[in-house]
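Undergrad: This is the structure I want to talk about, given as structure tokens.
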Amino acid sequence: MKRRHLLLAAAGAFAYGQSGSPGLYAIQNATIHTAAGPAIANGTIVVRNGLIEAVGANVAVPAGAWAIDGKGMHVYPGLIDSLSRWGLPAPVDGPPRIVVAAPTGGGGRRGGGDEGPSNVQFQDDGGPEERPSNTSWVKAADLVQPNDASLAAARNAGFTTAVVFPATGIFAGQGSVLNLSGGKAGDMVVSSPVGQFLSMAAVRNGLASFPGSLMGSFAYIRQIYLDAEQYKTAKAMYAQNARGLQRPAYDRALEGVLESPRALLPAGRKVEIDRMIRFGKELKTPVILYGGTEAWRAADSLKAAGVPLLMNLRWPERDRDGDPDVMDSLRTLETREMAPAGPAVLAKAGVKFAFYSGGLERPADVRRAVKKAVDAGLAKEDALRALTISAAQIYGVDDRLGSLEPGKIGNLFVTDGDWLAEKTQVKMVFVDGKKFEPTAGGQTNGPA
Amino acid sequence: MDRRKFIGGLLLAPVAAMAAGGDIVIRNAKILTVTKGSLDGSILIRNGKIAEVGPNVTAPAGARVIDAGGQFVMPGIIDCHSHIATEAVNEGSVSVSSMTGIEDTVNPEDIGIYRALAGGVTTANILHGSANAIGGKNVVIKMRWGKDAPEILLDGAMPGIKFALGENPKRRGGSDSGIATRLRYPATRMGVEDVIREAFTDARAYKATLDDYKARAAKGERVIPPRRDLKLEPLVEVLEGKRFVHAHCYRADEILMLLRVADEFGFKIRTLQHVLEGYKVAKEIKEHGAGASTFSDWWSYKVEAYDAIPYNAALMHKKGVLVSLNSDDAEMMRHLNQEAAKSVRYGGLTDDEALALITINPAKQLAIDSRVGSIEVGKDADLVIYDKHPLSNYAKVQKVFIDGEMYFERDKDMSDRAVREARRKQLMEKQKAAATAARPAGGRRPQ
């Protein structure tokens, strides 16, 4: 009931805003971190009709602007979660491909064939041709639920954008850059599609369905990309002149792959990073790697390949409730010790990287995780870039997002101190030039 | 960052940063060349190759001299059947998984590589598992611990593929796994043969489609290019003699079945793997030209592996079959020298014949014998120093070289252990403390 009350209050404020809100804001006397150059002390930023109009030390407040005194405040570009699930319905596991009665006991491990359920039919081979675990045509922009509570919670923490991807299956689907502005789903979309999300998730029961192993996933993805290439050729030839040619069968799984401007591949350990760099070259499609647990060891490989990396902010940690007597391997211990140093190593090497929330849901946890990377040597400006302009560059939307520069989308947040400091509070968030004010209860007032 | 140096230095690098190309002389050694007898003398290593072997080798100026102290030097051991250094072994969902390949999942940081080195192994054939009548593609690797995945591959090794007969490929899935699932064909040995025949029939048709396309396109006809089929491509390579077949098998009857099918389709079985009943059909194996890679005395782990004898390797060898002993196991891999020794006891092989089972013979089976498998001038300097004769139960590996680079040194391994353990304790305490600090008093945190 309380929740509904708040929502109603928000709706009321919005109604008021339609008539009273200027759509023109000027924040004065603030420290402005543009992510495009050095911080501006006592600066002014003007946002008009959803876009940044001006930013600088000597910017006049336009007539009719809603002037905000930013004394003691810091202004940052809106944060971008570069690989996100925010706003999507929780993934559901697909039903098993064929369901049989529970095994009638016995069976055992040996032989594997002389008895067993009798009401089962043999299936076709089930290889890549059946397109298992593939929803490549699905787009996050078509799935997003604008009223999802996670969107408001993220916005309260200064996030204005999320690059949201469907998450189920090997070809999970296509990502969309979404502004966390609420309202209609269509209004949230900044760019779509921006990439195909690939996982190497083998089917749990290895004998049940192809692919049942990491090897199988590689073979499957490789075959799909080859098929897509052939499909494209066949369709083009057929479109040019259909006479005398076999008609290429429509294949939505291949359509989805062809629509995707880039592929996201999982790569945590150095071995995986190197492997996926090679695989990406083979697929002849631009790739982005995600994970990066051992990025601290892989900067040279990434730099040489020019492949960007999305770093998971959920650092590997000892399980808080774990058995205190378990002795972890040196390798595990070193990985936990060194993972947060990865961003600093990448920044030094000049590797393009961005952060993603990696399932951290509480904004305070995100900030703490970024702080950990800063404590391990990452410059604060680089930390900010990894959540703003770098993410925008990786997805090719830096012409409109990621920094506070004239002409870009009015995405920013205002704090009462250094955004990484423990006690700092987010005072205002602007998404598409609309002002939101986080409240103590975690709900958002606005847009005002 | 000294911490990074730490992990790199201790875990993932050859033990001695010996400048590549620097000359090395191993002197005062009992040299077991395997192919050219044994002698007391020295070996000169230059540019990663064996440059000189003899009783009197003059060390060039600037060469690093290693005094073997009268210990034994033999060629690095070659394991013709292993599943280490990969993050996947079986693609068990389909009966023909030839579209998969170990190369995609090679893990150069698998500790199994280092342990294999400690057992004197320098090269191994990393095979797909035996869940399918026709399995995935293999790789041949060298145990270049500390190198990246492409660098541990033995370049120039002939590509291969795994086949499997009998109990494993006829497992249907469903009733084994205990999970509701679809079942897989085949369920019988007859079905295994059928799957292989059908796959090669498909491969022939695929080849014909490709050839037809090429011919028509060459004539300038407007034809849509056919789809590349990653499942059938390796089988076409088998038919064209460009890819070896390594076939997992046990029983004599199914060995004969496979040889007949191969003859009918016009390809060769390069090696029969396990081949525990090979002694019954050694003549036929020899006639086909297949090699046999078996165990010394590992059997009875399933019904089809009961009719086995420890004389298998020796009997097949005496019938003229090219025989090797393999491990198929990360633990056995570390004492293949002892497995070879058993064939002296069971079958009366000479020392050289026994050592050949784990060196030059598997090298020939993998067609890498111009590079490795014996101590001869011009071959890769893949060498193992043992403190005693390698066919002794008491022999321990002291040093291992690959391409003239030292990748294992027993003394260094022993002394590093304390350092590693100290670091581990330190990190353990630090992370325990951090985990405790993060846990709020009163139990679990909310959410």
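Scheme for the structure tokens: letters A, B, ... for chains in order shown; per-chain residue numbers from 1; ligand numbers from 1 in order shown.
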Which residues in segment 206-398 of chain B does DSSP call alpha helix (DSSP H)? List them as a ChimeraX atom specification.
TA: /B:206-218,233-239,252-265,282-288,312-318,336-345,351-356,360-365
Undergrad: Could you dump the residues just selected with C-alpha atoms as a PDB file, in the first residue's frame?
TA:
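Saved result, out13.pdb, follows:
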ATOM      1  CA  TYR B 206      28.783 -33.647 -48.939  1.00  0.00           C
ATOM      2  CA  LYS B 207      32.026 -33.905 -50.886  1.00  0.00           C
ATOM      3  CA  ALA B 208      30.052 -34.513 -54.053  1.00  0.00           C
ATOM      4  CA  THR B 209      27.916 -31.438 -53.367  1.00  0.00           C
ATOM      5  CA  LEU B 210      31.006 -29.297 -52.894  1.00  0.00           C
ATOM      6  CA  ASP B 211      32.624 -30.673 -56.036  1.00  0.00           C
ATOM      7  CA  ASP B 212      29.447 -30.150 -58.022  1.00  0.00           C
ATOM      8  CA  TYR B 213      29.216 -26.569 -56.818  1.00  0.00           C
ATOM      9  CA  LYS B 214      32.836 -25.879 -57.713  1.00  0.00           C
ATOM     10  CA  ALA B 215      32.388 -27.373 -61.170  1.00  0.00           C
ATOM     11  CA  ARG B 216      29.221 -25.404 -61.889  1.00  0.00           C
ATOM     12  CA  ALA B 217      30.624 -22.175 -60.487  1.00  0.00           C
ATOM     13  CA  ALA B 218      33.741 -22.658 -62.602  1.00  0.00           C
ATOM     14  CA  GLU B 233      34.421 -31.539 -43.135  1.00  0.00           C
ATOM     15  CA  PRO B 234      36.736 -33.568 -40.870  1.00  0.00           C
ATOM     16  CA  LEU B 235      35.260 -36.801 -42.248  1.00  0.00           C
ATOM     17  CA  VAL B 236      35.997 -35.676 -45.794  1.00  0.00           C
ATOM     18  CA  GLU B 237      39.563 -35.063 -44.597  1.00  0.00           C
ATOM     19  CA  VAL B 238      39.646 -38.618 -43.253  1.00  0.00           C
ATOM     20  CA  LEU B 239      38.496 -39.935 -46.612  1.00  0.00           C
ATOM     21  CA  ALA B 252      38.472 -58.268 -31.260  1.00  0.00           C
ATOM     22  CA  ASP B 253      35.178 -58.555 -33.163  1.00  0.00           C
ATOM     23  CA  GLU B 254      34.559 -54.826 -33.229  1.00  0.00           C
ATOM     24  CA  ILE B 255      38.176 -54.102 -34.110  1.00  0.00           C
ATOM     25  CA  LEU B 256      37.676 -56.271 -37.195  1.00  0.00           C
ATOM     26  CA  MET B 257      34.384 -54.523 -37.882  1.00  0.00           C
ATOM     27  CA  LEU B 258      36.054 -51.112 -37.905  1.00  0.00           C
ATOM     28  CA  LEU B 259      38.924 -52.260 -40.107  1.00  0.00           C
ATOM     29  CA  ARG B 260      36.394 -53.662 -42.604  1.00  0.00           C
ATOM     30  CA  VAL B 261      34.356 -50.452 -42.634  1.00  0.00           C
ATOM     31  CA  ALA B 262      37.516 -48.390 -43.125  1.00  0.00           C
ATOM     32  CA  ASP B 263      38.658 -50.640 -45.959  1.00  0.00           C
ATOM     33  CA  GLU B 264      35.259 -50.403 -47.577  1.00  0.00           C
ATOM     34  CA  PHE B 265      35.236 -46.597 -47.466  1.00  0.00           C
ATOM     35  CA  ALA B 282      47.357 -58.644 -34.362  1.00  0.00           C
ATOM     36  CA  LYS B 283      47.753 -60.089 -37.858  1.00  0.00           C
ATOM     37  CA  GLU B 284      44.716 -58.218 -39.174  1.00  0.00           C
ATOM     38  CA  ILE B 285      45.806 -55.012 -37.443  1.00  0.00           C
ATOM     39  CA  LYS B 286      49.221 -55.343 -39.038  1.00  0.00           C
ATOM     40  CA  GLU B 287      47.669 -55.959 -42.471  1.00  0.00           C
ATOM     41  CA  HIS B 288      45.533 -52.847 -42.248  1.00  0.00           C
ATOM     42  CA  ASN B 312      49.223 -57.613 -25.141  1.00  0.00           C
ATOM     43  CA  ALA B 313      51.823 -54.959 -26.029  1.00  0.00           C
ATOM     44  CA  ALA B 314      54.635 -57.480 -26.480  1.00  0.00           C
ATOM     45  CA  LEU B 315      52.534 -59.916 -28.519  1.00  0.00           C
ATOM     46  CA  MET B 316      51.308 -57.248 -30.914  1.00  0.00           C
ATOM     47  CA  HIS B 317      54.851 -55.867 -31.195  1.00  0.00           C
ATOM     48  CA  LYS B 318      56.192 -59.313 -32.067  1.00  0.00           C
ATOM     49  CA  LEU B 336      54.668 -44.211 -18.064  1.00  0.00           C
ATOM     50  CA  ASN B 337      58.287 -45.334 -17.705  1.00  0.00           C
ATOM     51  CA  GLN B 338      57.073 -47.933 -15.200  1.00  0.00           C
ATOM     52  CA  GLU B 339      54.273 -48.974 -17.536  1.00  0.00           C
ATOM     53  CA  ALA B 340      56.905 -49.576 -20.209  1.00  0.00           C
ATOM     54  CA  ALA B 341      58.996 -51.599 -17.776  1.00  0.00           C
ATOM     55  CA  LYS B 342      56.143 -54.064 -17.318  1.00  0.00           C
ATOM     56  CA  SER B 343      56.526 -55.186 -20.910  1.00  0.00           C
ATOM     57  CA  VAL B 344      60.032 -56.380 -20.057  1.00  0.00           C
ATOM     58  CA  ARG B 345      58.556 -58.540 -17.336  1.00  0.00           C
ATOM     59  CA  ASP B 351      65.066 -52.260 -22.676  1.00  0.00           C
ATOM     60  CA  ASP B 352      65.111 -50.366 -25.962  1.00  0.00           C
ATOM     61  CA  GLU B 353      61.938 -52.058 -27.187  1.00  0.00           C
ATOM     62  CA  ALA B 354      60.256 -51.190 -23.906  1.00  0.00           C
ATOM     63  CA  LEU B 355      61.374 -47.559 -24.025  1.00  0.00           C
ATOM     64  CA  ALA B 356      60.279 -47.355 -27.659  1.00  0.00           C
ATOM     65  CA  ILE B 360      59.667 -43.404 -30.802  1.00  0.00           C
ATOM     66  CA  ASN B 361      56.648 -45.653 -31.387  1.00  0.00           C
ATOM     67  CA  PRO B 362      54.013 -43.144 -30.323  1.00  0.00           C
ATOM     68  CA  ALA B 363      56.011 -40.541 -32.271  1.00  0.00           C
ATOM     69  CA  LYS B 364      55.619 -42.682 -35.380  1.00  0.00           C
ATOM     70  CA  GLN B 365      51.941 -43.243 -34.689  1.00  0.00           C
TER      71      GLN B 365
END
Undergrad: For Ile288 of chain A, please output as a PyMOL selection string all residues within 9 Å (counting only C-alpha atoms; exclusion window: fewer than 2 positions along the same chain).
TA: chain A and resi 195+262-266+280+286+290+307-310+394
Undergrad: Atom CA of Glu405 of chain A and atom CA of Ala54 of chain A, how far apart in Å?
TA: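 Straight-line distance from atom CA of Ala54 of chain A to atom CA of Glu405 of chain A works out to 7.1 Å.
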Undergrad: Could you check the closest approach to Lys303 of chain A for each of A:Ala41, A:Asp321, A:Met338, A:Val345 and tell me which residue wins, using only C-alpha atoms?
TA: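 Checking each candidate against Lys303 of chain A, we get A:Val345 as the closest.
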Undergrad: Quote the spacing between atom CA of Ser176 of chain A and atom CA of Ile52 of chain A in Å to one decimal place.
TA: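 Atom CA of Ile52 of chain A lies 22.3 Å from atom CA of Ser176 of chain A.
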Undergrad: Using only C-alpha atoms, find the one residue out of A:Phe279, A:Phe355, A:Trp137, A:Phe218 that sits nearest to Gly256 of chain A.
TA: A:Trp137
Undergrad: Excluding Pro248 of chain A and any residue of its chain fewer than 5 positions from it, enumerate the residues within 8 Å of it, using only C-alpha atoms, and give them as a list of chain:residue names.
TA: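 Skipping anything fewer than 5 positions along the chain leaves A:Tyr231, A:Ala234, A:Lys235, A:Tyr238.
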Undergrad: Taking N, CA and C atoms for each residue, export the selection above as a PDB file, in the first residue's frame.
TA:
ATOM      1  N   TYR A 231      23.949 -17.756 -45.484  1.00  0.00           N
ATOM      2  CA  TYR A 231      22.554 -17.312 -45.563  1.00  0.00           C
ATOM      3  C   TYR A 231      22.466 -15.916 -46.196  1.00  0.00           C
ATOM      4  N   ALA A 234      23.217 -16.229 -49.853  1.00  0.00           N
ATOM      5  CA  ALA A 234      22.115 -16.868 -50.563  1.00  0.00           C
ATOM      6  C   ALA A 234      20.939 -15.903 -50.723  1.00  0.00           C
ATOM      7  N   LYS A 235      20.635 -15.180 -49.630  1.00  0.00           N
ATOM      8  CA  LYS A 235      19.509 -14.243 -49.688  1.00  0.00           C
ATOM      9  C   LYS A 235      19.773 -13.123 -50.682  1.00  0.00           C
ATOM     10  N   TYR A 238      19.362 -14.408 -54.177  1.00  0.00           N
ATOM     11  CA  TYR A 238      17.957 -14.679 -54.466  1.00  0.00           C
ATOM     12  C   TYR A 238      17.184 -13.376 -54.675  1.00  0.00           C
TER      13      TYR A 238
END
Undergrad: Nearest to Ala369 of chain A: which of A:Ala349, A:Ala339, A:Ala153, A:Ala65 is it, counting only C-alpha atoms?
TA: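 Smallest separation from Ala369 of chain A among the options: A:Ala339.
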Undergrad: I want to know what sits within 9 Å of Ala149 of chain A, based on only C-alpha atoms, with residues of the same chain fewer than 2 positions away left out; could you give that as a compact mmCIF listing (two decimals) with C-alpha atoms, in the first residue's frame?
TA:
# COMPACT_ATOMS: atom_id res chain seq x y z
CA TRP A 86 17.94 -4.22 -15.13
CA GLY A 87 14.39 -3.94 -16.30
CA PRO A 146 9.82 0.37 -17.64
CA ASN A 147 8.32 0.13 -14.16
CA LEU A 151 15.59 0.73 -12.78
CA ALA A 152 14.58 3.31 -10.16
CA ALA A 153 17.03 1.89 -7.63
CA ALA A 154 19.89 2.16 -10.11
CA GLN A 443 12.09 5.66 -4.17
Undergrad: Using DSSP secondary structure from the backbone, list all strand (DSSP E) positions within segment 14-175 of chain B, as JSON, numbers by chain.
TA: {"B": [24, 25, 26, 27, 28, 29, 30, 31, 32, 38, 39, 40, 41, 42, 43, 44, 45, 46, 49, 50, 51, 52, 53, 54, 64, 65, 66, 67, 72, 73, 74, 75, 77, 78, 79, 80, 81, 82, 121, 122, 123, 124, 125, 126, 134, 135, 136, 137, 139, 140, 141, 142, 160, 161, 162, 163, 164]}
Undergrad: Select, from A:Ala347, A:Leu254, A:Ile277, A:Ala157, the residue with the minimum atom-to-atom distance to Trp419 of chain A, counting only C-alpha atoms.
TA: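 Looking only at the distances to Trp419 of chain A, the closest residue turns out to be A:Ala157.
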Undergrad: So which one's closest to chain A, B:Ala61, B:Ala68, B:Ala88, B:Val323? Using only C-alpha atoms, please.
TA: B:Ala88
Undergrad: Taking only C-alpha atoms into account, name the residue in B:Arg115, B:Arg27, B:Lys170, B:Lys242 that is nearest to chain A.
TA: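 Going through B:Arg115, B:Arg27, B:Lys170, B:Lys242 one by one, the smallest distance to chain A is for B:Lys170.
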Undergrad: Can you tell me which residues surround Lys71 of chain A at a distance of at most 9 Å, considering only C-alpha atoms, apart from same-chain residues fewer than 5 positions away, and format the answer as a list in words?
TA: Gln28, Asn29, Ala30, Thr31, Asn42 and Asp416 of chain A
Undergrad: Give me the residues near Met333 of chain B as a PyMOL selection string, where near means some atom within 9 Å (using only C-alpha atoms) and where sequence neighbours in that chain fewer than 4 positions away do not count.
TA: chain B and resi 79+82+115-116+119-121+326-329
Undergrad: Restrict the selected residues to N, CA and C atoms and save them as a PDB file, in the first residue's frame.
TA:
ATOM      1  N   ASP B  79      52.917 -39.461 -24.806  1.00  0.00           N
ATOM      2  CA  ASP B  79      51.694 -40.167 -24.390  1.00  0.00           C
ATOM      3  C   ASP B  79      50.684 -40.066 -25.533  1.00  0.00           C
ATOM      4  N   SER B  82      45.707 -38.938 -24.020  1.00  0.00           N
ATOM      5  CA  SER B  82      45.577 -38.203 -22.770  1.00  0.00           C
ATOM      6  C   SER B  82      44.412 -37.220 -22.875  1.00  0.00           C
ATOM      7  N   ARG B 115      52.506 -31.569 -13.953  1.00  0.00           N
ATOM      8  CA  ARG B 115      52.679 -32.902 -13.348  1.00  0.00           C
ATOM      9  C   ARG B 115      53.158 -33.918 -14.379  1.00  0.00           C
ATOM     10  N   ALA B 116      52.695 -33.763 -15.609  1.00  0.00           N
ATOM     11  CA  ALA B 116      53.172 -34.653 -16.667  1.00  0.00           C
ATOM     12  C   ALA B 116      54.674 -34.443 -16.885  1.00  0.00           C
ATOM     13  N   GLY B 119      56.718 -36.177 -14.594  1.00  0.00           N
ATOM     14  CA  GLY B 119      56.793 -37.599 -14.900  1.00  0.00           C
ATOM     15  C   GLY B 119      57.552 -37.876 -16.186  1.00  0.00           C
ATOM     16  N   GLY B 120      58.210 -36.864 -16.710  1.00  0.00           N
ATOM     17  CA  GLY B 120      59.067 -37.072 -17.881  1.00  0.00           C
ATOM     18  C   GLY B 120      58.348 -37.008 -19.216  1.00  0.00           C
ATOM     19  N   VAL B 121      57.054 -36.635 -19.208  1.00  0.00           N
ATOM     20  CA  VAL B 121      56.310 -36.555 -20.469  1.00  0.00           C
ATOM     21  C   VAL B 121      56.535 -35.175 -21.089  1.00  0.00           C
ATOM     22  N   ASN B 326      49.929 -46.016 -23.526  1.00  0.00           N
ATOM     23  CA  ASN B 326      49.441 -44.685 -23.190  1.00  0.00           C
ATOM     24  C   ASN B 326      48.863 -44.684 -21.783  1.00  0.00           C
ATOM     25  N   SER B 327      48.437 -43.515 -21.338  1.00  0.00           N
ATOM     26  CA  SER B 327      47.937 -43.407 -19.962  1.00  0.00           C
ATOM     27  C   SER B 327      46.427 -43.233 -19.904  1.00  0.00           C
ATOM     28  N   ASP B 328      45.864 -42.391 -20.764  1.00  0.00           N
ATOM     29  CA  ASP B 328      44.434 -42.057 -20.703  1.00  0.00           C
ATOM     30  C   ASP B 328      44.073 -41.518 -19.327  1.00  0.00           C
ATOM     31  N   ASP B 329      45.068 -41.053 -18.599  1.00  0.00           N
ATOM     32  CA  ASP B 329      44.843 -40.765 -17.189  1.00  0.00           C
ATOM     33  C   ASP B 329      45.955 -39.850 -16.678  1.00  0.00           C
TER      34      ASP B 329
END
Undergrad: Show which residues sit within 6 Å of Asp432 of chain A, as a count of residues only. Count only C-alpha atoms, and ignore same-chain residues fewer than 4 positions away.
TA: 4
